[in-house]
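**Student:** What follows is model10.csv; its format and atoms are CSV, N, CA and C atoms.
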chain,number,residue,atom,x,y,z
A,11,ALA,N,6.9,5.3,-0.1
A,11,ALA,CA,8.2,4.8,-0.6
A,11,ALA,C,8.1,4.5,-2.1
A,12,VAL,N,9.0,4.9,-2.9
A,12,VAL,CA,8.9,4.7,-4.3
A,12,VAL,C,8.9,3.2,-4.8
A,13,HIS,N,9.3,2.3,-3.9
A,13,HIS,CA,9.3,0.9,-4.3
A,13,HIS,C,7.9,0.3,-4.0
A,14,ALA,N,7.0,1.0,-3.4
A,14,ALA,CA,5.7,0.5,-3.1
A,14,ALA,C,4.8,0.4,-4.3
A,15,TYR,N,3.8,-0.5,-4.3
A,15,TYR,CA,2.9,-0.7,-5.4
A,15,TYR,C,1.7,0.2,-5.3
A,16,VAL,N,1.1,0.6,-6.4
A,16,VAL,CA,-0.2,1.2,-6.5
A,16,VAL,C,-1.0,0.3,-7.4
A,17,ARG,N,-2.3,0.1,-7.1
A,17,ARG,CA,-3.1,-0.7,-8.0
A,17,ARG,C,-3.7,0.1,-9.1
A,18,THR,N,-3.8,-0.5,-10.3
A,18,THR,CA,-4.3,0.2,-11.5
A,18,THR,C,-5.8,-0.3,-11.7
A,19,PRO,N,-6.6,0.4,-12.4
A,19,PRO,CA,-8.0,0.0,-12.6
A,19,PRO,C,-8.2,-1.3,-13.3
A,20,ASP,N,-7.2,-1.8,-14.1
A,20,ASP,CA,-7.3,-3.1,-14.8
A,20,ASP,C,-6.9,-4.2,-13.9
A,21,GLY,N,-6.6,-4.0,-12.6
A,21,GLY,CA,-6.2,-5.0,-11.7
A,21,GLY,C,-4.7,-5.3,-11.6
A,22,GLY,N,-4.0,-4.5,-12.4
A,22,GLY,CA,-2.5,-4.6,-12.3
A,22,GLY,C,-1.9,-3.7,-11.3
A,23,THR,N,-0.6,-3.6,-11.2
A,23,THR,CA,0.0,-2.8,-10.3
A,23,THR,C,1.2,-2.0,-11.0
A,24,LYS,N,1.6,-0.9,-10.4
A,24,LYS,CA,2.8,-0.2,-10.8
A,24,LYS,C,3.6,0.2,-9.6
A,25,TYR,N,4.9,0.3,-9.7
A,25,TYR,CA,5.6,0.9,-8.6
A,25,TYR,C,5.3,2.4,-8.6
A,26,LEU,N,5.3,3.0,-7.4
A,26,LEU,CA,5.0,4.4,-7.3
A,26,LEU,C,6.0,5.2,-8.2
A,27,ALA,N,7.2,4.8,-8.2
A,27,ALA,CA,8.3,5.4,-9.0
A,27,ALA,C,8.0,5.4,-10.5
A,28,GLU,N,7.1,4.5,-11.0
A,28,GLU,CA,6.8,4.4,-12.4
A,28,GLU,C,5.7,5.3,-12.8
A,29,LEU,N,5.0,5.9,-11.9
A,29,LEU,CA,3.8,6.7,-12.2
A,29,LEU,C,4.2,8.0,-12.9
A,30,GLN,N,3.3,8.4,-13.8
A,30,GLN,CA,3.5,9.7,-14.5
A,30,GLN,C,2.2,10.5,-14.5
A,31,SER,N,2.2,11.8,-14.6
A,31,SER,CA,1.0,12.6,-14.7
A,31,SER,C,0.1,12.0,-15.8
A,32,GLY,N,-1.2,11.8,-15.5
A,32,GLY,CA,-2.1,11.3,-16.5
A,32,GLY,C,-2.4,9.8,-16.3
A,33,ASP,N,-1.6,9.1,-15.6
A,33,ASP,CA,-1.8,7.7,-15.3
A,33,ASP,C,-3.1,7.5,-14.5
A,34,GLU,N,-3.8,6.4,-14.7
A,34,GLU,CA,-5.0,6.0,-14.0
A,34,GLU,C,-4.6,5.1,-12.8
A,35,VAL,N,-5.1,5.3,-11.6
A,35,VAL,CA,-4.8,4.5,-10.5
A,35,VAL,C,-6.2,4.2,-9.8
A,36,GLN,N,-6.2,3.2,-9.0
A,36,GLN,CA,-7.4,2.8,-8.2
A,36,GLN,C,-7.2,3.3,-6.8
A,37,VAL,N,-8.2,4.1,-6.3
A,37,VAL,CA,-8.2,4.5,-4.9
A,37,VAL,C,-9.3,3.9,-4.2
A,38,VAL,N,-9.1,3.8,-2.8
A,38,VAL,CA,-10.1,3.1,-2.0
A,38,VAL,C,-10.4,3.9,-0.8
A,39,ASP,N,-11.7,4.0,-0.4
A,39,ASP,CA,-12.1,4.7,0.7
A,39,ASP,C,-12.1,3.8,2.0
A,40,THR,N,-12.4,4.4,3.1
A,40,THR,CA,-12.3,3.6,4.4
A,40,THR,C,-13.4,2.5,4.5
A,41,GLU,N,-14.4,2.5,3.5
A,41,GLU,CA,-15.4,1.5,3.5
A,41,GLU,C,-15.1,0.4,2.5
A,42,GLY,N,-13.9,0.5,1.8
A,42,GLY,CA,-13.5,-0.5,0.9
A,42,GLY,C,-14.0,-0.3,-0.5
A,43,ARG,N,-14.7,0.9,-0.8
A,43,ARG,CA,-15.2,1.2,-2.1
A,43,ARG,C,-14.0,1.7,-2.9
A,44,THR,N,-14.0,1.3,-4.2
A,44,THR,CA,-12.9,1.8,-5.1
A,44,THR,C,-13.5,2.7,-6.2
A,45,ARG,N,-12.6,3.5,-6.7
A,45,ARG,CA,-12.9,4.3,-7.9
A,45,ARG,C,-11.6,4.6,-8.6
A,46,GLU,N,-11.7,5.1,-9.8
A,46,GLU,CA,-10.5,5.4,-10.6
A,46,GLU,C,-10.1,6.9,-10.3
A,47,ALA,N,-8.9,7.2,-10.4
A,47,ALA,CA,-8.4,8.6,-10.3
A,47,ALA,C,-7.2,8.8,-11.2
A,48,ILE,N,-7.1,10.0,-11.7
A,48,ILE,CA,-6.0,10.4,-12.6
A,48,ILE,C,-4.9,11.0,-11.8
A,49,VAL,N,-3.7,10.6,-12.0
A,49,VAL,CA,-2.5,11.2,-11.3
A,49,VAL,C,-2.3,12.6,-11.9
A,50,GLY,N,-2.3,13.6,-11.0
A,50,GLY,CA,-2.1,15.0,-11.5
A,50,GLY,C,-0.6,15.3,-11.7
A,51,ARG,N,0.2,14.9,-10.7
A,51,ARG,CA,1.7,15.1,-10.8
A,51,ARG,C,2.4,14.1,-10.0
A,52,VAL,N,3.6,13.9,-10.2
A,52,VAL,CA,4.4,12.9,-9.5
A,52,VAL,C,5.6,13.7,-8.9
A,53,LYS,N,5.8,13.6,-7.6
A,53,LYS,CA,6.9,14.4,-7.0
A,53,LYS,C,7.6,13.4,-6.1
A,54,ILE,N,8.9,13.2,-6.3
A,54,ILE,CA,9.7,12.3,-5.5
A,54,ILE,C,10.7,13.1,-4.7
A,55,GLU,N,10.6,13.0,-3.4
A,55,GLU,CA,11.4,13.7,-2.4
A,55,GLU,C,12.0,12.8,-1.4
A,56,LYS,N,13.1,13.2,-0.8
A,56,LYS,CA,13.7,12.4,0.3
A,56,LYS,C,13.0,12.9,1.5
A,57,ARG,N,12.4,12.0,2.3
A,57,ARG,CA,11.7,12.4,3.5
A,57,ARG,C,12.0,11.3,4.6
A,58,PRO,N,11.8,11.7,5.9
A,58,PRO,CA,11.9,10.7,6.9
A,58,PRO,C,10.7,9.7,6.8
A,59,MET,N,11.0,8.4,7.0
A,59,MET,CA,10.0,7.4,6.8
A,59,MET,C,9.7,6.6,8.1
A,60,PHE,N,8.5,6.0,8.2
A,60,PHE,CA,8.2,5.0,9.2
A,60,PHE,C,8.0,3.6,8.5
A,61,ARG,N,8.5,2.6,9.1
A,61,ARG,CA,8.1,1.2,8.6
A,61,ARG,C,6.9,0.8,9.4
A,62,VAL,N,5.9,0.4,8.6
A,62,VAL,CA,4.6,0.0,9.2
A,62,VAL,C,4.5,-1.5,8.8
A,63,GLU,N,4.2,-2.3,9.8
A,63,GLU,CA,4.1,-3.8,9.6
A,63,GLU,C,2.7,-4.2,10.1
A,64,ALA,N,2.1,-5.1,9.3
A,64,ALA,CA,0.8,-5.6,9.7
A,64,ALA,C,0.8,-7.1,9.5
A,65,ARG,N,0.0,-7.8,10.4
A,65,ARG,CA,-0.2,-9.2,10.2
A,65,ARG,C,-1.6,-9.5,9.7
A,66,VAL,N,-1.6,-10.4,8.7
A,66,VAL,CA,-2.9,-10.7,8.0
A,66,VAL,C,-3.2,-12.2,8.2
A,67,GLU,N,-4.4,-12.5,8.7
A,67,GLU,CA,-4.8,-13.9,8.8
A,67,GLU,C,-5.2,-14.4,7.5
A,68,THR,N,-4.7,-15.5,7.1
A,68,THR,CA,-5.0,-16.2,5.8
A,68,THR,C,-5.5,-17.6,6.0
A,69,GLU,N,-5.9,-18.2,4.9
A,69,GLU,CA,-6.3,-19.7,5.0
A,69,GLU,C,-5.1,-20.5,5.4
A,70,GLU,N,-3.9,-20.1,5.1
A,70,GLU,CA,-2.7,-20.9,5.4
A,70,GLU,C,-2.1,-20.6,6.7
A,71,GLY,N,-2.6,-19.5,7.4
A,71,GLY,CA,-2.1,-19.1,8.7
A,71,GLY,C,-2.0,-17.6,8.7
A,72,GLU,N,-0.8,-17.1,9.0
A,72,GLU,CA,-0.6,-15.7,9.2
A,72,GLU,C,0.5,-15.2,8.2
A,73,ASP,N,0.2,-14.0,7.6
A,73,ASP,CA,1.2,-13.5,6.7
A,73,ASP,C,1.6,-12.1,7.3
A,74,ARG,N,2.7,-11.6,6.9
A,74,ARG,CA,3.2,-10.3,7.3
A,74,ARG,C,3.3,-9.4,6.1
A,75,VAL,N,2.7,-8.1,6.3
A,75,VAL,CA,2.8,-7.1,5.2
A,75,VAL,C,3.4,-5.9,5.8
A,76,GLU,N,4.3,-5.3,5.0
A,76,GLU,CA,4.9,-4.1,5.5
A,76,GLU,C,5.2,-3.1,4.4
A,77,THR,N,5.3,-1.8,4.8
A,77,THR,CA,5.6,-0.8,3.8
A,77,THR,C,6.2,0.4,4.6
A,78,LEU,N,6.8,1.3,3.8
A,78,LEU,CA,7.3,2.5,4.4
A,78,LEU,C,6.4,3.7,4.1
A,79,LEU,N,6.1,4.5,5.1
A,79,LEU,CA,5.2,5.7,4.9
A,79,LEU,C,5.9,6.9,5.4
A,80,GLN,N,5.7,8.0,4.8
A,80,GLN,CA,6.3,9.3,5.2
A,80,GLN,C,6.0,9.6,6.7
A,81,ASN,N,7.0,10.0,7.4
A,81,ASN,CA,6.8,10.3,8.8
A,81,ASN,C,6.2,11.7,8.9
A,82,ALA,N,4.9,11.9,8.8
A,82,ALA,CA,4.3,13.2,8.8
A,82,ALA,C,2.8,13.0,9.3
A,83,GLU,N,2.4,14.0,10.1
A,83,GLU,CA,1.0,13.9,10.6
A,83,GLU,C,0.0,14.1,9.5
A,84,THR,N,0.4,14.5,8.3
A,84,THR,CA,-0.6,14.7,7.2
A,84,THR,C,-0.8,13.4,6.4
A,85,ILE,N,0.0,12.4,6.7
A,85,ILE,CA,-0.2,11.1,6.1
A,85,ILE,C,-1.1,10.2,6.9
A,86,LYS,N,-2.3,9.9,6.4
A,86,LYS,CA,-3.3,9.1,7.1
A,86,LYS,C,-3.4,7.7,6.6
A,87,VAL,N,-3.8,6.8,7.5
A,87,VAL,CA,-4.2,5.4,7.1
A,87,VAL,C,-5.5,5.1,7.7
A,88,PRO,N,-6.3,4.2,7.0
A,88,PRO,CA,-7.6,3.9,7.5
A,88,PRO,C,-7.4,2.8,8.6
A,89,THR,N,-8.0,3.0,9.8
A,89,THR,CA,-8.0,2.1,10.9
A,89,THR,C,-9.4,1.8,11.3
A,90,SER,N,-9.5,0.8,12.2
A,90,SER,CA,-10.9,0.4,12.7
A,90,SER,C,-11.5,1.6,13.5
A,91,ASP,N,-10.7,2.6,13.9
A,91,ASP,CA,-11.2,3.7,14.6
A,91,ASP,C,-11.3,5.0,13.7
A,92,GLY,N,-11.2,4.8,12.4
A,92,GLY,CA,-11.2,5.9,11.4
A,92,GLY,C,-9.9,6.2,10.9
A,93,ARG,N,-9.8,7.3,10.2
A,93,ARG,CA,-8.5,7.8,9.6
A,93,ARG,C,-7.5,8.2,10.8
A,94,LYS,N,-6.3,7.7,10.7
A,94,LYS,CA,-5.3,8.0,11.7
A,94,LYS,C,-4.0,8.4,11.1
A,95,ALA,N,-3.4,9.5,11.6
A,95,ALA,CA,-2.1,9.9,11.1
A,95,ALA,C,-1.0,8.8,11.4
A,96,VAL,N,-0.1,8.6,10.5
A,96,VAL,CA,0.9,7.6,10.8
A,96,VAL,C,1.7,7.9,12.0
A,97,THR,N,1.9,9.2,12.3
A,97,THR,CA,2.6,9.6,13.5
A,97,THR,C,1.9,9.2,14.8
A,98,ASP,N,0.6,8.9,14.7
A,98,ASP,CA,-0.2,8.5,15.9
A,98,ASP,C,-0.5,7.0,16.0
A,99,LEU,N,0.0,6.2,15.0
A,99,LEU,CA,-0.2,4.7,15.0
A,99,LEU,C,0.5,4.1,16.2
A,100,GLU,N,-0.2,3.1,16.8
A,100,GLU,CA,0.4,2.4,17.9
A,100,GLU,C,0.3,0.9,17.6
A,101,GLN,N,1.2,0.1,18.3
A,101,GLN,CA,1.1,-1.3,18.1
A,101,GLN,C,-0.2,-1.8,18.5
A,102,GLY,N,-0.8,-2.7,17.7
A,102,GLY,CA,-2.1,-3.2,17.9
A,102,GLY,C,-3.2,-2.6,17.2
A,103,ASP,N,-3.0,-1.4,16.6
A,103,ASP,CA,-4.0,-0.7,15.7
A,103,ASP,C,-4.3,-1.7,14.6
A,104,ARG,N,-5.6,-1.7,14.2
A,104,ARG,CA,-6.1,-2.5,13.1
A,104,ARG,C,-6.3,-1.6,11.9
A,105,MET,N,-5.6,-1.9,10.8
A,105,MET,CA,-5.7,-1.1,9.6
A,105,MET,C,-6.5,-1.8,8.5
A,106,LEU,N,-7.1,-1.0,7.6
A,106,LEU,CA,-7.7,-1.6,6.4
A,106,LEU,C,-6.7,-1.6,5.3
A,107,LEU,N,-6.5,-2.7,4.7
A,107,LEU,CA,-5.6,-2.9,3.6
A,107,LEU,C,-6.1,-3.8,2.5
A,108,TYR,N,-5.6,-3.7,1.3
A,108,TYR,CA,-5.9,-4.7,0.3
A,108,TYR,C,-4.9,-5.8,0.4
A,109,TYR,N,-5.3,-7.0,0.5
A,109,TYR,CA,-4.4,-8.1,0.6
A,109,TYR,C,-4.6,-9.0,-0.6
A,110,GLY,N,-3.7,-9.1,-1.5
A,110,GLY,CA,-3.8,-10.0,-2.6
A,110,GLY,C,-2.8,-11.2,-2.4
A,111,ALA,N,-3.4,-12.4,-2.3
A,111,ALA,CA,-2.5,-13.5,-1.9
A,111,ALA,C,-1.7,-14.0,-3.1
A,112,GLU,N,-2.0,-13.5,-4.3
A,112,GLU,CA,-1.2,-14.0,-5.5
A,112,GLU,C,0.2,-13.3,-5.5
A,113,ALA,N,1.1,-13.9,-6.1
A,113,ALA,CA,2.4,-13.3,-6.3
A,113,ALA,C,2.3,-12.4,-7.5
A,114,ARG,N,3.3,-11.5,-7.6
A,114,ARG,CA,3.3,-10.5,-8.8
A,114,ARG,C,4.6,-10.5,-9.4
A,115,HIS,N,4.7,-10.4,-10.7
A,115,HIS,CA,5.9,-10.2,-11.4
A,115,HIS,C,5.7,-9.2,-12.5
A,116,PHE,N,6.4,-8.1,-12.5
A,116,PHE,CA,6.2,-7.0,-13.5
A,116,PHE,C,4.8,-6.5,-13.4
A,117,GLY,N,4.2,-6.5,-12.1
A,117,GLY,CA,2.9,-6.0,-11.9
A,117,GLY,C,1.7,-6.9,-12.2
A,118,GLU,N,2.0,-8.1,-12.8
A,118,GLU,CA,1.0,-9.0,-13.2
A,118,GLU,C,0.9,-10.2,-12.2
A,119,ALA,N,-0.3,-10.6,-11.9
A,119,ALA,CA,-0.5,-11.7,-11.0
A,119,ALA,C,0.0,-13.0,-11.6
A,120,ILE,N,0.8,-13.8,-10.9
A,120,ILE,CA,1.3,-15.1,-11.4
A,120,ILE,C,1.1,-16.2,-10.4
A,121,GLU,N,1.1,-17.4,-10.8
A,121,GLU,CA,1.0,-18.5,-9.9
A,121,GLU,C,2.4,-19.0,-9.5
A,122,GLU,N,2.8,-18.4,-8.4
A,122,GLU,CA,4.2,-18.7,-7.9
A,122,GLU,C,4.3,-18.3,-6.5
A,123,SER,N,5.3,-18.8,-5.8
A,123,SER,CA,5.5,-18.4,-4.4
A,123,SER,C,6.7,-17.5,-4.4
A,124,ILE,N,6.5,-16.3,-3.9
A,124,ILE,CA,7.6,-15.3,-3.7
A,124,ILE,C,7.7,-14.9,-2.3
A,125,ILE,N,8.9,-14.9,-1.8
A,125,ILE,CA,9.1,-14.4,-0.4
A,125,ILE,C,9.9,-13.1,-0.5
A,126,GLU,N,9.4,-12.0,0.0
A,126,GLU,CA,10.2,-10.7,0.0
A,126,GLU,C,10.6,-10.4,1.4
A,127,LYS,N,11.9,-10.0,1.6
A,127,LYS,CA,12.4,-9.6,2.9
A,127,LYS,C,13.0,-8.3,2.9
Using structure tokens, write down the structure from this file.
**Tutor:**
Amino acid sequence: AVHAYVRTPDGGTKYLAELQSGDEVQVVDTEGRTREAIVGRVKIEKRPMFRVEARVETEEGEDRVETLLQNAETIKVPTSDGRKAVTDLEQGDRMLLYYGAEARHFGEAIEESIIEK
């Protein structure tokens, strides 16, 4: 979804809709290792989407994270059982994700509490 964030190598974020060919982004493998990648092209299309919700255990309790992913068997997410197509996800699957507890404003980490719904 175009409103989702992508992480940049300097620790910042950008909305997917802000990306342009040539931008640098950070990518992560299923082991949590990161590397930099260059965006080759940006293509925005209207597609059917899934809402994926995850619960994250934090020091303060539990937090909820959600995003929209394209409803296609070619879109994969890292789970505890390996890469899995979003069309095969089931309730209770455990996914690998980056969880940053800090709030963000214009892509920069800030000390503030933000609730998104």
**Student:** For Ser90 in chain A, please output as a VMD selection string all residues within 6.5 Å (counting all atoms listed in the file; exclusion window: fewer than 6 positions along the same chain).
**Tutor:** chain A and resid 103 to 106
**Student:** Work out how far apart atom C of Arg61 in chain A and atom N of Glu76 in chain A are and give it in Å to one decimal.
**Tutor:**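 Distance between the two atoms: 8.0 Å.
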**Student:** To one decimal place, how far is CA of His13 in chain A from CA of Ala27 in chain A in Å?
**Tutor:**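 Here the two named atoms are 6.6 Å from each other.
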**Student:** Just to confirm, what's the straight-line distance from CA of Glu67 in chain A to atom C of Gln101 in chain A in Å (one decimal)?
**Tutor:**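 Separation of CA of Glu67 in chain A and atom C of Gln101 in chain A: 16.2 Å.
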**Student:** Taking 6 positions as the minimum chain separation for residues in the same chain, which residues sit within 8 Å of Thr40 in chain A when counting all atoms listed in the file? Answer as number ranges by chain.
**Tutor:** A: 87-89, 92-93, 106
**Student:** If you run DSSP on the backbone here, which positions in range 22-114 of chain A get strand (DSSP E)? Please write them as a VMD selection string.
**Tutor:** chain A and resid 23 to 25 34 to 38 44 to 48 59 to 68 71 to 80 86 to 89 92 to 95 113 to 114
**Student:** DSSP says helix (DSSP H, G or I) for which residues of chain A? Put them as number ranges by chain?
**Tutor:** A: 26-28, 96-98
**Student:** My list of candidates is A:Gly32, A:Gly21, A:Gly50, A:Gly42. Which is closest to Leu107 in chain A when distances are computed with only C-alpha atoms?
**Tutor:**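 The shortest atom-to-atom distance to Leu107 in chain A comes from A:Gly42.
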**Student:** Identify, on the basis of only C-alpha atoms, every residue whose closest approach to Leu26 in chain A does not exceed 12 Å; exclude the query and any residue fewer than 4 positions from it along the same chain; express the result as a list of chain:residue names.
**Tutor:**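 Residues meeting the cut-off are A:Ala11, A:Val12, A:His13, A:Ala14, A:Tyr15, A:Val16, A:Arg17, A:Thr18, A:Gln30, A:Ser31, A:Asp33, A:Val35, A:Val49, A:Arg51, A:Val52, A:Lys53, A:Ile54, A:Gly117.
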